[in-house]
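The file input.cif comes next; it holds mmCIF, C-alpha atoms, pLDDT in the B column; chains and numbers go by the auth columns.
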```cif
data_input
#
loop_
_atom_site.group_PDB
_atom_site.id
_atom_site.type_symbol
_atom_site.label_atom_id
_atom_site.label_comp_id
_atom_site.label_asym_id
_atom_site.label_seq_id
_atom_site.Cartn_x
_atom_site.Cartn_y
_atom_site.Cartn_z
_atom_site.B_iso_or_equiv
_atom_site.auth_seq_id
_atom_site.auth_asym_id
ATOM 1 C CA MET A 1 0.000 0.000 0.000 95.00 22 A
ATOM 2 C CA PHE A 2 1.180 3.495 -0.769 95.00 23 A
ATOM 3 C CA ALA A 3 0.148 6.911 0.583 95.00 24 A
ATOM 4 C CA ASP A 4 1.836 10.093 1.734 95.00 25 A
ATOM 5 C CA LEU A 5 1.497 9.320 5.433 96.00 26 A
ATOM 6 C CA THR A 6 4.312 11.660 6.489 94.00 27 A
ATOM 7 C CA GLY A 7 3.115 14.711 4.560 92.00 28 A
ATOM 8 C CA GLU A 8 6.422 15.194 2.767 90.00 29 A
ATOM 9 C CA GLY A 9 4.983 15.074 -0.742 91.00 30 A
ATOM 10 C CA LYS A 10 6.064 11.507 -1.536 91.00 31 A
ATOM 11 C CA ASP A 11 4.205 8.248 -1.131 93.00 32 A
ATOM 12 C CA ASP A 12 5.334 6.123 1.788 95.00 33 A
ATOM 13 C CA ALA A 13 5.205 2.327 1.536 96.00 34 A
ATOM 14 C CA VAL A 14 3.217 0.259 4.033 97.00 35 A
ATOM 15 C CA VAL A 15 4.439 -3.338 4.075 97.00 36 A
ATOM 16 C CA THR A 16 2.842 -6.195 5.984 97.00 37 A
ATOM 17 C CA VAL A 17 4.659 -9.436 6.749 97.00 38 A
ATOM 18 C CA ASP A 18 2.572 -12.603 6.483 97.00 39 A
ATOM 19 C CA SER A 19 3.922 -15.587 8.401 96.00 40 A
ATOM 20 C CA GLY A 20 2.603 -18.091 5.880 94.00 41 A
ATOM 21 C CA THR A 21 1.006 -19.952 8.765 94.00 42 A
ATOM 22 C CA SER A 22 -2.193 -19.579 10.769 92.00 43 A
ATOM 23 C CA ALA A 23 -0.549 -16.617 12.549 95.00 44 A
ATOM 24 C CA GLY A 24 -1.260 -14.552 9.417 95.00 45 A
ATOM 25 C CA VAL A 25 0.101 -11.001 9.355 97.00 46 A
ATOM 26 C CA ILE A 26 2.683 -10.676 12.107 97.00 47 A
ATOM 27 C CA ALA A 27 4.272 -7.290 11.347 98.00 48 A
ATOM 28 C CA VAL A 28 3.710 -3.961 9.624 98.00 49 A
ATOM 29 C CA TYR A 29 6.374 -1.489 8.486 98.00 50 A
ATOM 30 C CA VAL A 30 6.213 2.011 7.017 97.00 51 A
ATOM 31 C CA PHE A 31 9.092 3.008 4.754 97.00 52 A
ATOM 32 C CA SER A 32 9.641 6.651 3.820 95.00 53 A
ATOM 33 C CA ALA A 33 12.167 8.507 1.707 88.00 54 A
ATOM 34 C CA GLY A 34 11.336 11.708 3.565 81.00 55 A
ATOM 35 C CA THR A 35 12.847 14.622 1.708 75.00 56 A
ATOM 36 C CA GLY A 36 15.755 12.527 0.404 78.00 57 A
ATOM 37 C CA LYS A 37 16.160 9.418 -1.728 82.00 58 A
ATOM 38 C CA ASP A 38 17.060 6.730 0.814 87.00 59 A
ATOM 39 C CA LEU A 39 14.241 4.689 2.328 90.00 60 A
ATOM 40 C CA LYS A 40 14.057 4.556 6.098 94.00 61 A
ATOM 41 C CA VAL A 41 11.783 2.612 8.408 96.00 62 A
ATOM 42 C CA VAL A 42 9.680 5.270 10.155 95.00 63 A
ATOM 43 C CA TYR A 43 7.311 2.845 11.880 97.00 64 A
ATOM 44 C CA ARG A 44 7.296 -0.830 12.760 97.00 65 A
ATOM 45 C CA ASN A 45 5.104 -3.156 14.771 97.00 66 A
ATOM 46 C CA GLN A 46 6.467 -6.677 15.037 96.00 67 A
ATOM 47 C CA ARG A 47 4.064 -7.909 17.720 95.00 68 A
ATOM 48 C CA MET A 48 1.064 -8.749 15.615 97.00 69 A
ATOM 49 C CA TYR A 49 -0.912 -11.965 15.368 96.00 70 A
ATOM 50 C CA ARG A 50 -3.506 -12.441 12.610 96.00 71 A
ATOM 51 C CA GLY A 51 -3.327 -8.693 12.030 97.00 72 A
ATOM 52 C CA GLY A 52 -4.230 -6.442 9.177 96.00 73 A
ATOM 53 C CA ALA A 53 -3.519 -2.913 7.962 97.00 74 A
ATOM 54 C CA ARG A 54 -5.216 -0.304 5.828 97.00 75 A
ATOM 55 C CA ILE A 55 -4.914 3.365 4.957 97.00 76 A
ATOM 56 C CA ASN A 56 -7.815 5.591 5.988 94.00 77 A
ATOM 57 C CA PRO A 57 -8.566 9.021 4.515 91.00 78 A
ATOM 58 C CA GLY A 58 -6.441 11.708 6.071 86.00 79 A
ATOM 59 C CA PRO A 59 -4.299 9.722 5.335 92.00 80 A
ATOM 60 C CA ALA A 60 -3.781 7.614 8.441 95.00 81 A
ATOM 61 C CA LEU A 61 -2.445 4.113 8.956 97.00 82 A
ATOM 62 C CA VAL A 62 -4.807 1.744 10.761 98.00 83 A
ATOM 63 C CA TYR A 63 -3.766 -1.674 12.004 97.00 84 A
ATOM 64 C CA VAL A 64 -6.222 -4.257 13.282 97.00 85 A
ATOM 65 C CA LEU A 65 -5.682 -7.107 15.740 97.00 86 A
ATOM 66 C CA PRO A 66 -8.147 -9.766 16.869 97.00 87 A
ATOM 67 C CA GLN A 67 -9.267 -9.795 20.498 97.00 88 A
ATOM 68 C CA TYR A 68 -9.976 -13.347 21.620 97.00 89 A
ATOM 69 C CA ALA A 69 -12.172 -14.339 24.547 96.00 90 A
ATOM 70 C CA ALA A 70 -11.374 -17.565 26.419 95.00 91 A
ATOM 71 C CA ASP A 71 -13.788 -19.713 24.389 95.00 92 A
ATOM 72 C CA ASP A 72 -13.208 -18.170 20.922 96.00 93 A
ATOM 73 C CA GLN A 73 -12.055 -20.293 18.010 95.00 94 A
ATOM 74 C CA LEU A 74 -9.016 -19.112 16.017 92.00 95 A
ATOM 75 C CA CYS A 75 -11.278 -18.193 13.110 91.00 96 A
ATOM 76 C CA CYS A 76 -13.722 -16.164 15.109 94.00 97 A
ATOM 77 C CA PRO A 77 -12.514 -13.567 17.611 96.00 98 A
ATOM 78 C CA SER A 78 -15.076 -11.808 19.793 96.00 99 A
ATOM 79 C CA ALA A 79 -13.831 -8.379 18.676 97.00 100 A
ATOM 80 C CA TYR A 80 -11.125 -6.514 16.803 97.00 101 A
ATOM 81 C CA ARG A 81 -8.937 -3.714 18.139 97.00 102 A
ATOM 82 C CA GLU A 82 -8.260 -0.956 15.606 97.00 103 A
ATOM 83 C CA THR A 83 -5.395 1.450 16.199 97.00 104 A
ATOM 84 C CA GLU A 84 -5.156 4.557 14.020 97.00 105 A
ATOM 85 C CA LEU A 85 -1.723 6.142 13.681 97.00 106 A
ATOM 86 C CA LYS A 86 -0.966 9.649 12.434 96.00 107 A
ATOM 87 C CA TRP A 87 2.370 11.242 11.663 95.00 108 A
ATOM 88 C CA SER A 88 3.639 14.080 13.850 94.00 109 A
ATOM 89 C CA ALA A 89 5.883 16.335 11.765 91.00 110 A
ATOM 90 C CA SER A 90 7.265 18.043 14.869 93.00 111 A
ATOM 91 C CA LYS A 91 8.165 14.755 16.584 94.00 112 A
ATOM 92 C CA LYS A 92 9.091 12.974 13.325 92.00 113 A
ATOM 93 C CA LYS A 93 7.221 9.829 14.337 95.00 114 A
ATOM 94 C CA PHE A 94 3.828 8.154 14.296 96.00 115 A
ATOM 95 C CA GLY A 95 1.575 8.424 17.313 96.00 116 A
ATOM 96 C CA VAL A 96 -1.719 6.839 18.263 97.00 117 A
ATOM 97 C CA ALA A 97 -4.595 9.067 17.144 96.00 118 A
ATOM 98 C CA GLN A 98 -7.293 6.720 18.399 97.00 119 A
ATOM 99 C CA ARG A 99 -8.074 3.154 19.396 98.00 120 A
ATOM 100 C CA ARG A 100 -11.407 1.453 19.179 97.00 121 A
ATOM 101 C CA THR A 101 -12.939 -1.970 19.594 97.00 122 A
ATOM 102 C CA VAL A 102 -15.036 -3.236 16.699 96.00 123 A
ATOM 103 C CA LEU A 103 -17.378 -6.212 16.799 96.00 124 A
ATOM 104 C CA PRO A 104 -17.135 -8.692 13.919 90.00 125 A
ATOM 105 C CA THR A 105 -19.661 -8.486 11.119 84.00 126 A
ATOM 106 C CA ASP A 106 -21.081 -11.839 10.061 69.00 127 A
#
```
Whole structure, structure tokens version:
Amino acid sequence: MFADLTGEGKDDAVVTVDSGTSAGVIAVYVFSAGTGKDLKVVYRNQRMYRGGARINPGPALVYVLPQYAADDQLCCPSAYRETELKWSASKKKFGVAQRRTVLPTD
């Protein structure tokens, strides 16, 4: 996925890492060239399990993780936790803009 998440006039690359197993997406990275030519990792989350990522209008990066209750099957979590990240130009890093719990849609 590509979007100018850092507001520097160039598209940043959002890369997810799929484990190839039932763990699914286990990491998300954001690569940015900033104002130069060299790509740098400006965000990473390597503690995901069956995660997902998308770009919302704004643009903002949203990653989603399942929230399992004690009796949930692997396929069917009770809820999902969405975390929206936005870039802070003054701090030069992503910060949490909001978190919310979403119930699955059948």
Give me, as a ChimeraX atom specification, all polymer residues having an atom no more than 10 Å from segment 49-65 of chain A, counting all atoms listed in the file and skipping those fewer than 2 positions away in the same chain. /A:22-23,25-39,46-47,67-69,72-74,82,84,106,108,113-116
Around segment 46-61 of chain A, fit a box with edges along x, y and z, padding it by 4 Å on each side, then list its centre and edge lengths in Å to one decimal as AutoDock Vina command-line options.
```
--center_x 8.6 --center_y 1.8 --center_z 5.2 --size_x 25.0 --size_y 33.6 --size_z 21.8
```
Do you have the atom CA of Leu124 of chain A-atom CA of Ala44 of chain A distance handy? 20.2 Å
Between atom CA of Ser99 of chain A and atom CA of Ser43 of chain A, distance in Å (one decimal):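 Taking atom CA of Ser99 of chain A and atom CA of Ser43 of chain A, their separation equals 17.5 Å.
Between atom CA of Pro80 of chain A and atom CA of Cys97 of chain A lies a distance of 29.2 Å.
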Of the candidates A:Arg102, A:Gly45, A:Val83, A:Pro78, which one gets nearest to Ala118 of chain A if we count all atoms listed in the file? A:Val83
Near Thr122 of chain A, counting all atoms listed in the file, which residues have an atom at most 10 Å away, once you skip same-chain residues fewer than 4 positions from it, shown as a list in words?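 My reading of the contact set: Val85, Leu86, Pro87, Gln88, Ala100, Tyr101, Arg102, Glu103 and Thr104 of chain A.
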